[in-house]
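Structure file coords.txt; described as compact mmCIF, C-alpha atoms.
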# COMPACT_ATOMS: atom_id res chain seq x y z
CA MET A 1 -17.00 -4.15 2.14
CA GLU A 2 -16.78 -0.62 3.45
CA ILE A 3 -16.49 2.41 1.21
CA PRO A 4 -12.79 3.20 1.93
CA THR A 5 -11.89 -0.37 0.96
CA ILE A 6 -13.70 -0.05 -2.36
CA VAL A 7 -12.00 3.29 -3.04
CA GLY A 8 -8.65 1.72 -2.21
CA ALA A 9 -9.30 -1.20 -4.53
CA GLY A 10 -10.27 1.26 -7.26
CA LEU A 11 -7.08 3.27 -6.76
CA ILE A 12 -5.00 0.09 -6.98
CA VAL A 13 -6.72 -0.93 -10.19
CA ILE A 14 -6.14 2.55 -11.66
CA GLY A 15 -2.45 2.40 -10.76
CA ALA A 16 -1.88 -1.12 -12.02
CA GLY A 17 -3.87 -0.40 -15.16
CA LEU A 18 -1.82 2.70 -15.94
CA GLY A 19 1.39 0.76 -15.37
CA ILE A 20 0.48 -2.25 -17.48
CA GLY A 21 -1.02 -0.01 -20.15
CA ARG A 22 2.21 1.93 -20.40
CA ILE A 23 4.25 -1.29 -20.63
CA GLY A 24 1.99 -2.60 -23.38
CA GLY A 25 2.07 0.68 -25.28
CA GLN A 26 5.82 1.05 -25.09
CA ALA A 27 6.30 -2.58 -26.12
CA MET A 28 4.09 -1.98 -29.17
CA GLU A 29 6.20 1.05 -30.06
CA ALA A 30 9.39 -0.96 -29.61
CA ILE A 31 8.08 -3.77 -31.79
CA ALA A 32 7.07 -1.27 -34.46
CA ARG A 33 10.61 0.12 -34.46
CA GLN A 34 12.34 -3.23 -34.42
CA PRO A 35 9.99 -5.98 -35.56
CA GLU A 36 12.82 -8.54 -35.60
CA ALA A 37 13.27 -8.16 -31.83
CA SER A 38 9.58 -8.76 -31.09
CA GLY A 39 10.18 -12.07 -29.30
CA LYS A 40 12.61 -10.59 -26.81
CA ILE A 41 10.43 -7.51 -26.30
CA GLN A 42 7.38 -9.66 -25.63
CA THR A 43 9.23 -11.68 -23.00
CA ALA A 44 10.50 -8.57 -21.25
CA MET A 45 7.04 -7.02 -21.45
CA LEU A 46 5.37 -10.06 -19.90
CA ILE A 47 7.86 -10.17 -17.05
CA ALA A 48 7.40 -6.48 -16.26
CA ALA A 49 3.62 -6.78 -16.51
CA ALA A 50 3.67 -9.82 -14.23
CA LEU A 51 5.72 -7.96 -11.62
CA ILE A 52 3.30 -5.02 -11.58
CA GLU A 53 0.39 -7.40 -11.46
CA GLY A 54 1.94 -9.16 -8.47
CA ILE A 55 2.24 -5.89 -6.58
CA GLY A 56 -1.29 -4.95 -7.59
CA PHE A 57 -2.70 -8.20 -6.27
CA ALA A 58 -0.72 -7.94 -3.05
CA ALA A 59 -2.21 -4.48 -2.50
CA LEU A 60 -5.70 -5.71 -3.39
CA PHE A 61 -5.43 -8.36 -0.71
CA ALA A 62 -4.31 -5.76 1.80
CA ALA A 63 -7.26 -3.51 0.88
CA MET B 1 -12.59 19.17 -36.91
CA ARG B 2 -13.35 19.17 -33.23
CA ARG B 3 -16.78 20.64 -33.81
CA GLU B 4 -17.65 17.94 -36.32
CA PHE B 5 -16.60 15.31 -33.86
CA PHE B 6 -18.86 16.67 -31.15
CA GLU B 7 -21.72 16.94 -33.60
CA LYS B 8 -21.32 13.30 -34.51
CA ILE B 9 -21.30 12.28 -30.85
CA LEU B 10 -24.41 14.37 -30.22
CA VAL B 11 -26.24 12.71 -33.12
CA ILE B 12 -25.25 9.24 -31.87
CA VAL B 13 -26.43 10.02 -28.34
CA LEU B 14 -29.71 11.43 -29.61
CA VAL B 15 -30.34 8.40 -31.80
CA LEU B 16 -29.49 5.97 -29.03
CA SER B 17 -31.22 7.73 -26.14
CA PRO B 18 -34.69 6.27 -26.79
CA PHE B 19 -33.13 2.84 -26.63
CA PHE B 20 -31.45 3.63 -23.33
CA THR B 21 -34.60 4.90 -21.70
CA TRP B 22 -36.52 1.94 -23.06
CA ALA B 23 -33.89 -0.50 -21.77
CA GLN B 24 -33.92 1.21 -18.39
CA HIS B 25 -37.67 0.95 -18.27
CA GLU B 26 -37.43 -2.72 -19.13
CA LEU B 27 -34.92 -3.28 -16.36
CA GLU B 28 -36.95 -1.37 -13.79
CA GLY B 29 -40.05 -3.38 -14.54
CA ILE B 30 -38.39 -6.63 -13.56
CA SER B 31 -36.85 -7.16 -10.17
CA THR B 32 -33.10 -7.64 -10.23
CA GLY B 33 -33.14 -10.59 -7.90
CA THR B 34 -34.00 -10.73 -4.23
CA GLU B 35 -31.47 -10.26 -1.47
CA SER B 36 -31.56 -13.99 -0.72
CA GLN B 37 -30.70 -14.86 -4.32
CA ARG B 38 -27.66 -12.62 -4.14
CA GLU B 39 -26.64 -14.31 -0.93
CA ASP B 40 -27.12 -17.70 -2.59
CA ILE B 41 -24.86 -16.80 -5.50
CA LYS B 42 -22.26 -15.40 -3.11
CA ALA B 43 -22.36 -18.57 -1.02
CA PHE B 44 -22.08 -20.71 -4.14
CA ILE B 45 -18.96 -18.84 -5.31
CA ASP B 46 -17.39 -18.97 -1.85
CA HIS B 47 -18.11 -22.67 -1.68
CA HIS B 48 -16.58 -23.25 -5.11
CA LEU B 49 -13.35 -21.49 -4.15
CA LEU B 50 -12.83 -23.72 -1.13
CA ASP B 51 -11.40 -27.19 -1.04
CA SER B 52 -13.96 -29.88 -0.28
CA HIS B 53 -14.29 -33.36 1.18
CA TYR B 54 -16.65 -34.31 -1.66
CA PHE B 55 -16.18 -34.49 -5.38
CA THR B 56 -19.62 -33.10 -6.19
CA PHE B 57 -20.55 -32.87 -9.86
CA THR B 58 -23.99 -31.43 -9.41
CA GLU B 59 -26.69 -31.21 -6.79
CA ASP B 60 -30.45 -31.05 -6.69
CA GLU B 61 -31.54 -28.04 -4.67
CA GLU B 62 -35.09 -29.25 -4.02
CA THR B 63 -34.42 -32.80 -2.89
CA GLY B 64 -30.99 -31.98 -1.49
CA THR B 65 -29.37 -34.89 -3.32
CA HIS B 66 -25.69 -34.51 -4.21
CA TYR B 67 -24.35 -36.34 -7.22
CA GLY B 68 -20.71 -37.02 -6.52
CA ILE B 69 -18.21 -39.07 -4.60
CA PRO B 70 -17.50 -38.67 -0.89
CA LEU B 71 -13.74 -38.72 -0.34
CA PRO B 72 -11.81 -40.35 2.50
CA VAL B 73 -11.17 -38.26 5.59
CA ILE B 74 -7.87 -38.89 7.39
CA LEU B 75 -7.46 -37.23 10.76
CA TRP B 76 -4.68 -37.29 13.32
CA ASP B 77 -6.29 -36.73 16.69
CA ASN B 78 -4.77 -38.93 19.40
CA GLY B 79 -4.30 -41.63 16.81
CA LEU B 80 -5.06 -42.04 13.15
CA LYS B 81 -8.73 -41.90 12.17
CA VAL B 82 -9.88 -42.81 8.68
CA PHE B 83 -13.49 -42.65 7.58
CA SER B 84 -15.56 -41.66 4.58
CA ALA B 85 -16.79 -38.08 4.24
CA SER B 86 -20.28 -39.47 3.61
CA LYS B 87 -20.56 -39.67 7.42
CA PHE B 88 -20.95 -35.88 7.50
CA HIS B 89 -23.94 -35.92 5.13
CA HIS B 90 -22.67 -32.67 3.59
CA GLY B 91 -22.24 -30.95 6.91
CA GLU B 92 -25.74 -31.75 8.10
CA GLU B 93 -24.78 -34.45 10.57
CA VAL B 94 -22.13 -35.06 13.17
CA ALA B 95 -19.71 -37.89 12.43
CA GLU B 96 -18.85 -40.13 15.36
CA VAL B 97 -15.55 -41.95 15.07
CA GLY B 98 -13.95 -43.84 17.93
CA GLY B 99 -15.83 -41.97 20.65
CA GLU B 100 -15.00 -38.52 19.21
CA TYR B 101 -17.41 -36.26 17.35
CA TYR B 102 -16.49 -34.22 14.29
CA THR B 103 -18.47 -31.76 12.26
CA LEU B 104 -18.01 -29.87 9.03
CA TYR B 105 -18.19 -26.09 9.13
CA HIS B 106 -17.37 -24.22 5.90
CA ASN B 107 -15.60 -27.32 4.61
CA LYS B 108 -13.28 -27.47 7.63
CA ILE B 109 -13.43 -30.25 10.19
CA TYR B 110 -13.94 -29.29 13.85
CA LYS B 111 -14.16 -31.38 17.00
CA THR B 112 -17.51 -31.13 18.61
CA ASP B 113 -19.93 -32.95 20.95
CA ALA B 114 -22.82 -35.27 20.10
CA GLU B 115 -25.14 -32.33 19.30
CA GLY B 116 -22.60 -30.71 16.98
CA THR B 117 -22.42 -27.38 18.81
CA ILE B 118 -19.94 -24.86 17.49
CA THR B 119 -18.74 -22.06 19.71
CA TYR B 120 -17.62 -18.77 18.21
CA ASP B 121 -15.10 -16.21 19.31
CA GLU B 122 -15.72 -12.46 19.00
CA ASP B 123 -14.73 -12.44 15.29
CA HIS B 124 -17.38 -15.09 14.50
CA HIS B 125 -14.73 -17.71 13.82
CA PRO B 126 -15.35 -21.13 15.33
CA SER B 127 -13.24 -21.65 18.44
CA ASN B 128 -13.67 -25.44 18.49
CA ALA B 129 -10.52 -27.56 18.46
CA LYS B 130 -9.32 -28.62 15.02
CA PRO B 131 -7.83 -32.07 14.46
CA LEU B 132 -4.84 -32.37 12.14
CA ASP B 133 -6.42 -32.96 8.74
CA PHE B 134 -4.56 -35.10 6.20
CA SER B 135 -7.67 -35.92 4.20
CA ILE B 136 -7.67 -36.77 0.54
CA THR B 137 -9.72 -33.79 -0.57
CA LYS B 138 -11.01 -32.77 -3.97
CA ASN B 139 -7.82 -30.85 -4.72
CA VAL B 140 -5.64 -33.78 -3.76
CA VAL B 141 -7.64 -36.11 -6.01
CA THR B 142 -7.35 -33.66 -8.91
CA MET B 143 -3.61 -33.27 -8.43
CA VAL B 144 -3.09 -37.02 -8.26
CA LEU B 145 -5.15 -37.47 -11.44
CA VAL B 146 -3.14 -34.79 -13.26
CA SER B 147 0.11 -36.36 -12.05
CA ILE B 148 -0.92 -39.78 -13.33
CA LEU B 149 -2.04 -38.25 -16.62
CA MET B 150 1.27 -36.44 -17.02
CA PHE B 151 3.25 -39.51 -16.07
CA LEU B 152 1.46 -41.70 -18.61
CA LEU B 153 1.44 -39.03 -21.31
CA PHE B 154 5.08 -37.98 -21.13
CA GLY B 155 6.33 -41.47 -20.29
CA GLY B 156 4.55 -42.77 -23.39
CA LEU B 157 5.94 -39.91 -25.46
CA ALA B 158 9.49 -40.67 -24.35
CA LYS B 159 9.02 -44.29 -25.39
CA SER B 160 7.51 -43.35 -28.75
CA TYR B 161 10.57 -41.20 -29.48
CA THR B 162 12.99 -44.09 -29.05
CA LYS B 163 10.74 -46.30 -31.17
CA ASN B 164 10.42 -43.77 -33.99
CA GLY B 165 14.05 -42.77 -34.13
CA GLY B 166 13.58 -39.28 -32.64
CA MET B 167 10.49 -38.33 -34.61
CA PRO B 168 7.38 -37.10 -32.76
CA LYS B 169 4.23 -39.10 -33.32
CA GLY B 170 0.57 -38.47 -32.57
CA VAL B 171 0.08 -36.14 -29.60
CA GLY B 172 3.83 -35.67 -29.44
CA ARG B 173 3.52 -33.40 -32.46
CA PHE B 174 1.54 -31.05 -30.25
CA PHE B 175 3.79 -31.27 -27.20
CA GLU B 176 7.18 -31.18 -28.88
CA PRO B 177 6.99 -27.47 -29.84
CA LEU B 178 5.98 -26.63 -26.26
CA VAL B 179 8.89 -28.56 -24.77
CA VAL B 180 11.28 -26.99 -27.26
CA PHE B 181 9.80 -23.58 -26.49
CA ILE B 182 10.47 -24.03 -22.78
CA ARG B 183 14.02 -25.13 -23.50
CA ASP B 184 14.94 -22.53 -26.13
CA ASP B 185 12.91 -19.52 -25.01
CA ILE B 186 12.67 -19.95 -21.25
CA ALA B 187 15.52 -22.09 -19.94
CA ILE B 188 18.52 -21.23 -22.14
CA PRO B 189 18.17 -17.41 -22.29
CA ASN B 190 17.51 -17.13 -18.56
CA ILE B 191 19.68 -19.79 -16.98
CA GLY B 192 22.60 -20.13 -19.37
CA LYS B 193 24.76 -23.15 -19.90
CA ASN B 194 23.66 -24.93 -16.70
CA TYR B 195 20.10 -25.14 -17.95
CA LYS B 196 19.95 -28.93 -18.24
CA LYS B 197 19.61 -29.74 -14.57
CA TYR B 198 16.60 -27.40 -14.25
CA MET B 199 14.75 -28.55 -17.36
CA SER B 200 12.86 -31.39 -15.69
CA PHE B 201 11.54 -29.07 -13.00
CA LEU B 202 10.59 -26.33 -15.45
CA LEU B 203 8.77 -28.74 -17.76
CA THR B 204 6.97 -30.41 -14.89
CA ILE B 205 5.84 -27.18 -13.31
CA PHE B 206 4.72 -25.71 -16.63
CA PHE B 207 2.55 -28.65 -17.64
CA PHE B 208 1.30 -29.24 -14.10
CA ILE B 209 0.08 -25.67 -13.68
CA TRP B 210 -1.26 -25.50 -17.21
CA PHE B 211 -3.26 -28.74 -16.94
CA LEU B 212 -4.64 -27.74 -13.55
CA ASN B 213 -5.62 -24.30 -14.86
CA LEU B 214 -7.35 -25.90 -17.84
CA LEU B 215 -9.18 -28.34 -15.57
CA GLY B 216 -10.48 -25.31 -13.70
CA MET B 217 -12.21 -24.26 -16.93
CA THR B 218 -14.12 -27.54 -17.24
CA PRO B 219 -17.53 -28.11 -15.60
CA LEU B 220 -15.84 -30.41 -13.07
CA GLY B 221 -15.70 -27.37 -10.83
CA VAL B 222 -12.19 -27.84 -9.51
CA ASN B 223 -10.17 -24.84 -8.42
CA VAL B 224 -6.74 -26.21 -7.59
CA THR B 225 -4.37 -23.45 -8.65
CA GLY B 226 -6.73 -20.96 -7.02
CA ASN B 227 -5.86 -22.42 -3.64
CA ILE B 228 -3.15 -20.54 -1.81
CA ALA B 229 -1.78 -23.64 -0.07
CA ILE B 230 -1.03 -25.27 -3.43
CA THR B 231 0.55 -22.20 -4.98
CA PHE B 232 2.54 -21.87 -1.76
CA ALA B 233 3.90 -25.39 -2.21
CA LEU B 234 4.77 -24.72 -5.85
CA ALA B 235 6.52 -21.46 -5.02
CA MET B 236 8.30 -23.18 -2.14
CA LEU B 237 9.80 -25.69 -4.59
CA THR B 238 11.19 -22.85 -6.69
CA PHE B 239 12.55 -21.18 -3.55
CA LEU B 240 14.24 -24.37 -2.30
CA ILE B 241 15.79 -25.17 -5.67
CA THR B 242 17.06 -21.58 -6.03
CA THR B 243 18.52 -21.58 -2.53
CA PHE B 244 20.17 -24.99 -2.66
CA THR B 245 21.61 -24.81 -6.15
CA ALA B 246 22.92 -21.26 -5.76
CA ASN B 247 26.64 -20.69 -6.31
CA LYS B 248 28.88 -18.32 -4.37
CA ASN B 249 28.17 -15.40 -6.70
CA TYR B 250 24.50 -15.52 -5.73
CA TRP B 251 25.26 -15.34 -2.01
CA GLY B 252 27.88 -12.69 -2.74
CA HIS B 253 25.23 -10.58 -4.44
CA ILE B 254 22.96 -10.92 -1.45
CA PHE B 255 25.30 -10.33 1.49
CA TRP B 256 28.15 -8.33 -0.05
CA MET B 257 26.96 -6.65 -3.23
CA PRO B 258 29.95 -6.17 -5.53
CA GLY B 259 30.59 -2.85 -7.20
CA VAL B 260 28.93 -0.53 -4.69
CA PRO B 261 30.47 1.49 -1.80
CA LYS B 262 31.09 -0.36 1.50
CA LEU B 263 28.37 1.50 3.40
CA MET B 264 25.81 0.72 0.72
CA ARG B 265 26.67 -2.98 0.94
CA ILE B 266 25.56 -3.01 4.58
CA VAL B 267 22.33 -1.23 3.68
CA LEU B 268 21.67 -3.49 0.70
CA ALA B 269 22.20 -6.81 2.48
CA PRO B 270 18.93 -6.82 4.48
CA ILE B 271 16.99 -5.65 1.42
CA GLU B 272 18.45 -8.46 -0.66
CA VAL B 273 17.70 -11.03 2.05
CA LEU B 274 14.12 -9.79 2.10
CA GLY B 275 14.08 -10.05 -1.70
CA MET B 276 14.97 -13.73 -1.45
CA PHE B 277 11.61 -14.34 0.22
CA ILE B 278 9.59 -11.77 -1.70
CA LYS B 279 10.35 -13.48 -5.02
CA PRO B 280 8.64 -16.81 -4.24
CA PHE B 281 5.96 -14.92 -2.32
CA SER B 282 5.05 -12.95 -5.44
CA LEU B 283 4.99 -16.20 -7.44
CA MET B 284 2.53 -17.64 -4.94
CA ILE B 285 0.25 -14.59 -4.82
CA ARG B 286 0.26 -14.07 -8.60
CA LEU B 287 -0.92 -17.54 -9.54
CA TYR B 288 -3.42 -17.76 -6.67
CA ALA B 289 -4.91 -14.31 -7.26
CA ASN B 290 -5.13 -14.67 -11.03
CA MET B 291 -6.92 -17.99 -10.92
CA THR B 292 -9.21 -17.00 -8.04
CA ALA B 293 -10.10 -13.71 -9.70
CA GLY B 294 -10.85 -15.51 -12.97
CA HIS B 295 -13.15 -18.00 -11.27
CA VAL B 296 -14.95 -15.32 -9.23
CA VAL B 297 -15.57 -13.03 -12.20
CA LEU B 298 -16.72 -15.87 -14.46
CA MET B 299 -19.12 -17.23 -11.86
CA SER B 300 -20.45 -13.78 -10.97
CA ILE B 301 -21.21 -13.12 -14.63
CA ILE B 302 -23.00 -16.44 -14.94
CA GLY B 303 -24.82 -15.56 -11.71
CA LEU B 304 -26.17 -12.39 -13.37
CA MET B 305 -28.45 -14.64 -15.41
CA PHE B 306 -30.23 -15.79 -12.27
CA LEU B 307 -30.50 -12.27 -10.89
CA PHE B 308 -31.87 -10.51 -13.96
CA LYS B 309 -34.18 -13.25 -15.24
CA ASN B 310 -34.90 -11.40 -18.50
CA TRP B 311 -33.53 -11.48 -22.00
CA ILE B 312 -31.19 -8.48 -21.55
CA GLY B 313 -29.44 -9.94 -18.53
CA SER B 314 -29.21 -13.43 -19.93
CA SER B 315 -27.83 -12.51 -23.32
CA LEU B 316 -25.41 -10.06 -21.68
CA SER B 317 -24.33 -12.76 -19.25
CA PHE B 318 -23.91 -15.33 -22.01
CA GLY B 319 -21.85 -13.02 -24.21
CA LEU B 320 -19.63 -11.85 -21.38
CA ALA B 321 -19.14 -15.37 -20.04
CA PHE B 322 -18.19 -16.60 -23.51
CA ALA B 323 -15.66 -13.82 -24.04
CA LEU B 324 -14.26 -14.24 -20.54
CA SER B 325 -13.90 -18.00 -20.99
CA ILE B 326 -11.71 -17.41 -24.03
CA LEU B 327 -9.68 -14.89 -22.03
CA GLU B 328 -9.34 -17.39 -19.19
CA LEU B 329 -8.02 -20.01 -21.61
CA LEU B 330 -5.29 -17.54 -22.50
CA VAL B 331 -4.69 -16.69 -18.84
CA ALA B 332 -4.40 -20.40 -17.99
CA ALA B 333 -1.48 -20.77 -20.39
CA LEU B 334 -0.04 -17.34 -19.59
CA GLN B 335 0.11 -17.94 -15.85
CA ALA B 336 1.83 -21.31 -16.35
CA TYR B 337 4.28 -19.56 -18.67
CA ILE B 338 4.93 -16.69 -16.24
CA PHE B 339 5.48 -19.05 -13.33
CA THR B 340 7.97 -21.12 -15.36
CA MET B 341 9.61 -18.02 -16.77
CA LEU B 342 10.15 -16.36 -13.40
CA SER B 343 11.35 -19.64 -11.86
CA ALA B 344 13.91 -19.87 -14.67
CA LEU B 345 14.88 -16.26 -14.04
CA TYR B 346 15.51 -16.98 -10.36
CA PHE B 347 17.50 -20.11 -11.20
CA GLY B 348 19.52 -17.99 -13.58
CA MET B 349 20.29 -15.52 -10.77
CA ALA B 350 21.46 -18.44 -8.64
CA ASN B 351 23.77 -19.57 -11.43
CA GLU B 352 25.46 -16.40 -12.59
CA GLU B 353 28.96 -17.31 -13.58
CA HIS B 354 31.35 -14.38 -13.64
CA HIS B 355 31.32 -11.13 -11.75
CA ASP B 356 30.69 -7.99 -13.68
CA GLU B 357 32.75 -5.52 -11.68
CA HIS B 358 31.79 -2.52 -13.79
CA HIS B 359 28.36 -1.79 -12.43
Represent the supplied structure as structure tokens.
Amino acid sequence: MEIPTIVGAGLIVIGAGLGIGRIGGQAMEAIARQPEASGKIQTAMLIAAALIEGIGFAALFAA
Amino acid sequence: MRREFFEKILVIVLVLSPFFTWAQHELEGISTGTESQREDIKAFIDHHLLDSHYFTFTEDEETGTHYGIPLPVILWDNGLKVFSASKFHHGEEVAEVGGEYYTLYHNKIYKTDAEGTITYDEDHHPSNAKPLDFSITKNVVTMVLVSILMFLLFGGLAKSYTKNGGMPKGVGRFFEPLVVFIRDDIAIPNIGKNYKKYMSFLLTIFFFIWFLNLLGMTPLGVNVTGNIAITFALAMLTFLITTFTANKNYWGHIFWMPGVPKLMRIVLAPIEVLGMFIKPFSLMIRLYANMTAGHVVLMSIIGLMFLFKNWIGSSLSFGLAFALSILELLVAALQAYIFTMLSALYFGMANEEHHDEHH
């Protein structure tokens, strides 16, 4: 692996991590506000996280 | 406040620093594995990720004995050729079948001559001819076993329900909540009132992926869902079902998006057509990449033990591997859930009933 590839992979991980972290954080906040809706929030959170993850993996393969 | 915080950190660092220097000294004293060991571990991981013509449980490095079952090789190369993979002697020998010579190179079968020469192109890929390979490989065996297991398990459960008057019994008490969960939390909210015709597919794909993921965690060393051809086939099923059960609203949304200006509809159509293919593509990549990444990280961490060869490395490796195994158990279920969930979501898009003209 060359150095630019590693840097690219690192950048991807930073981006995906920030995105998923924000989703998780916001979902926690939403659950704290409305604990009775936690099931729905969790589902929506998992879908959004999975979509970001998909893009992240696609980029990792390109890198 | 802030000052106190920094003081605390400073004290902690000062207290811990002798330990760090001592640990560093300890690590420097012992070699962290030779280059060849690193290459060995890399080769082992690469080998594990690939499909194989043997079901090897373990092997003895010194004597070179493999403990496992050679699987049948089925080739189509000017006629059907069936022989046992034991003819290859784990890639060390050339198999001669019906006047043709075949050899194994990185678990792929190539046509060759009696000496087993392999020619390479400029990218160091073999340029030998490849016969069409329909072999029953390790992954195929695992999938067939899981299918039989699922057939017996769920067939038996269905029978036990009729016998017990609709009450779950034995292992059914474990599976009933999962089936109900898929129906009530995945199928109905995402698909709507047409959910019944998709239930069998959703249940099958959930348990199939989950069982295969869990098998990947056993010492059998199978890596089925981490194979892109298999995730491709699974995603293809979702794509075909979405495409062929779609109603006119689905196609309307793709080619002539309602509720947006005429010019935008023309711009949106190609994007939506592309989206049709990106959705199953992302399903394929997600499952493949998650399972492959899990296997690679777990095996690399276990490999640390052989590189460090001291108590720090081994205990670190053990602890990390233990924690990661628990995480992988979660990921195994989560990926099956996500795949089922997104499939249901796409089926729901294909089944939208009425137009909402307001957006």
Name the residues in contact with Leu203 in chain B at a cut-off of 12 Å, using all atoms listed in the file, excluding same-chain residues fewer than 2 positions from it; report them as a ChimeraX atom specification. /B:150,154,175-176,178-183,186-187,195-201,205-210,336-337,339-341,343-344
Do me a favour and pick out the residues of chain A within 8 Å of chain B, using all atoms listed in the file, as a list in words.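 Using all atoms listed in the file, chain A residues at most 8 Å from chain B: Leu46, Ile47, Ala50, Leu51, Glu53, Gly54, Ile55, Phe57 and Ala58 of chain A.
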Compile the contact shell of range 38-41 of chain A as a PyMOL selection string: residues with an atom at most 12 Å away, counting all atoms listed in the file, same-chain residues fewer than 2 positions apart removed. (chain A and resi 23-36+43-49) or (chain B and resi 181+184-186+189-190)
Writing out the chosen residues with C-alpha atoms as an mmCIF file, in the frame of the given file:
data_model
loop_
_atom_site.group_PDB
_atom_site.id
_atom_site.type_symbol
_atom_site.label_atom_id
_atom_site.label_comp_id
_atom_site.auth_asym_id
_atom_site.auth_seq_id
_atom_site.Cartn_x
_atom_site.Cartn_y
_atom_site.Cartn_z
ATOM 1 C CA ILE A 23 4.250 -1.290 -20.630
ATOM 2 C CA GLY A 24 1.990 -2.600 -23.380
ATOM 3 C CA GLY A 25 2.070 0.680 -25.280
ATOM 4 C CA GLN A 26 5.820 1.050 -25.090
ATOM 5 C CA ALA A 27 6.300 -2.580 -26.120
ATOM 6 C CA MET A 28 4.090 -1.980 -29.170
ATOM 7 C CA GLU A 29 6.200 1.050 -30.060
ATOM 8 C CA ALA A 30 9.390 -0.960 -29.610
ATOM 9 C CA ILE A 31 8.080 -3.770 -31.790
ATOM 10 C CA ALA A 32 7.070 -1.270 -34.460
ATOM 11 C CA ARG A 33 10.610 0.120 -34.460
ATOM 12 C CA GLN A 34 12.340 -3.230 -34.420
ATOM 13 C CA PRO A 35 9.990 -5.980 -35.560
ATOM 14 C CA GLU A 36 12.820 -8.540 -35.600
ATOM 15 C CA THR A 43 9.230 -11.680 -23.000
ATOM 16 C CA ALA A 44 10.500 -8.570 -21.250
ATOM 17 C CA MET A 45 7.040 -7.020 -21.450
ATOM 18 C CA LEU A 46 5.370 -10.060 -19.900
ATOM 19 C CA ILE A 47 7.860 -10.170 -17.050
ATOM 20 C CA ALA A 48 7.400 -6.480 -16.260
ATOM 21 C CA ALA A 49 3.620 -6.780 -16.510
ATOM 22 C CA PHE B 181 9.800 -23.580 -26.490
ATOM 23 C CA ASP B 184 14.940 -22.530 -26.130
ATOM 24 C CA ASP B 185 12.910 -19.520 -25.010
ATOM 25 C CA ILE B 186 12.670 -19.950 -21.250
ATOM 26 C CA PRO B 189 18.170 -17.410 -22.290
ATOM 27 C CA ASN B 190 17.510 -17.130 -18.560
#
Have a look at CA of Met349 in chain B and CA of Tyr250 in chain B and let me know their distance in Å, one decimal.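 Rounded to one decimal, the two atoms are 6.6 Å apart.
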Axis-aligned box for all listed atoms of range 10-24 of chain A, 4 Å per side, centre and edges in Å to one decimal, as AutoDock Vina command-line options:
--center_x -3.0 --center_y 0.3 --center_z -15.1 --size_x 22.5 --size_y 13.9 --size_z 24.6
Quick one: residues within 7 Å of range 136-143 of chain B, only C-alpha atoms, excluding same-chain residues fewer than 5 positions away - as a list in words?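 Surrounding residues, per the criterion: Asp51, Ser52, His53, Tyr54, Phe55, Leu71, Pro72, Val73 and Val224 of chain B.
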Keeping only C-alpha atoms, write the selected residues to a file as an mmCIF file, in the coordinates of the input.
data_model
loop_
_atom_site.group_PDB
_atom_site.id
_atom_site.type_symbol
_atom_site.label_atom_id
_atom_site.label_comp_id
_atom_site.auth_asym_id
_atom_site.auth_seq_id
_atom_site.Cartn_x
_atom_site.Cartn_y
_atom_site.Cartn_z
ATOM 1 C CA ASP B 51 -11.400 -27.190 -1.040
ATOM 2 C CA SER B 52 -13.960 -29.880 -0.280
ATOM 3 C CA HIS B 53 -14.290 -33.360 1.180
ATOM 4 C CA TYR B 54 -16.650 -34.310 -1.660
ATOM 5 C CA PHE B 55 -16.180 -34.490 -5.380
ATOM 6 C CA LEU B 71 -13.740 -38.720 -0.340
ATOM 7 C CA PRO B 72 -11.810 -40.350 2.500
ATOM 8 C CA VAL B 73 -11.170 -38.260 5.590
ATOM 9 C CA VAL B 224 -6.740 -26.210 -7.590
#
What does the structure give for the distance between CA of Ile74 in chain B and CA of Asn107 in chain B, in Å to one decimal?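 Result for CA of Ile74 in chain B versus CA of Asn107 in chain B: 14.2 Å, one decimal.
Computed from the coordinates, the CA of Gly275 in chain B to CA of Phe244 in chain B distance equals 16.2 Å.
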Determine, counting all atoms listed in the file, which protein, DNA and RNA residues have an atom within 9 Å of an atom of Met276 in chain B; residues of the same chain fewer than 3 positions away are not included. Present the result as a list in words.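 Skipping anything fewer than 3 positions along the chain leaves Phe239, Thr243, Ile254, Ile271, Glu272, Val273, Lys279 and Pro280 of chain B.
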Will you give me range 303-308 of chain B, written with N, CA and C atoms and laid out as a PDB file, in the first residue's frame?
ATOM      1  N   GLY B 303      -3.149 -12.915  15.037  1.00  0.00           N
ATOM      2  CA  GLY B 303      -1.796 -13.034  14.495  1.00  0.00           C
ATOM      3  C   GLY B 303      -0.768 -12.267  15.307  1.00  0.00           C
ATOM      4  N   LEU B 304      -1.213 -11.213  16.016  1.00  0.00           N
ATOM      5  CA  LEU B 304      -0.279 -10.431  16.845  1.00  0.00           C
ATOM      6  C   LEU B 304       0.451 -11.329  17.839  1.00  0.00           C
ATOM      7  N   MET B 305      -0.287 -12.330  18.343  1.00  0.00           N
ATOM      8  CA  MET B 305       0.276 -13.247  19.323  1.00  0.00           C
ATOM      9  C   MET B 305       1.554 -13.903  18.798  1.00  0.00           C
ATOM     10  N   PHE B 306       1.521 -14.269  17.517  1.00  0.00           N
ATOM     11  CA  PHE B 306       2.668 -14.970  16.939  1.00  0.00           C
ATOM     12  C   PHE B 306       3.785 -14.010  16.592  1.00  0.00           C
ATOM     13  N   LEU B 307       3.451 -12.721  16.439  1.00  0.00           N
ATOM     14  CA  LEU B 307       4.486 -11.754  16.122  1.00  0.00           C
ATOM     15  C   LEU B 307       5.204 -11.308  17.381  1.00  0.00           C
ATOM     16  N   PHE B 308       4.435 -11.024  18.453  1.00  0.00           N
ATOM     17  CA  PHE B 308       5.067 -10.456  19.646  1.00  0.00           C
ATOM     18  C   PHE B 308       5.814 -11.522  20.434  1.00  0.00           C
TER      19      PHE B 308
END
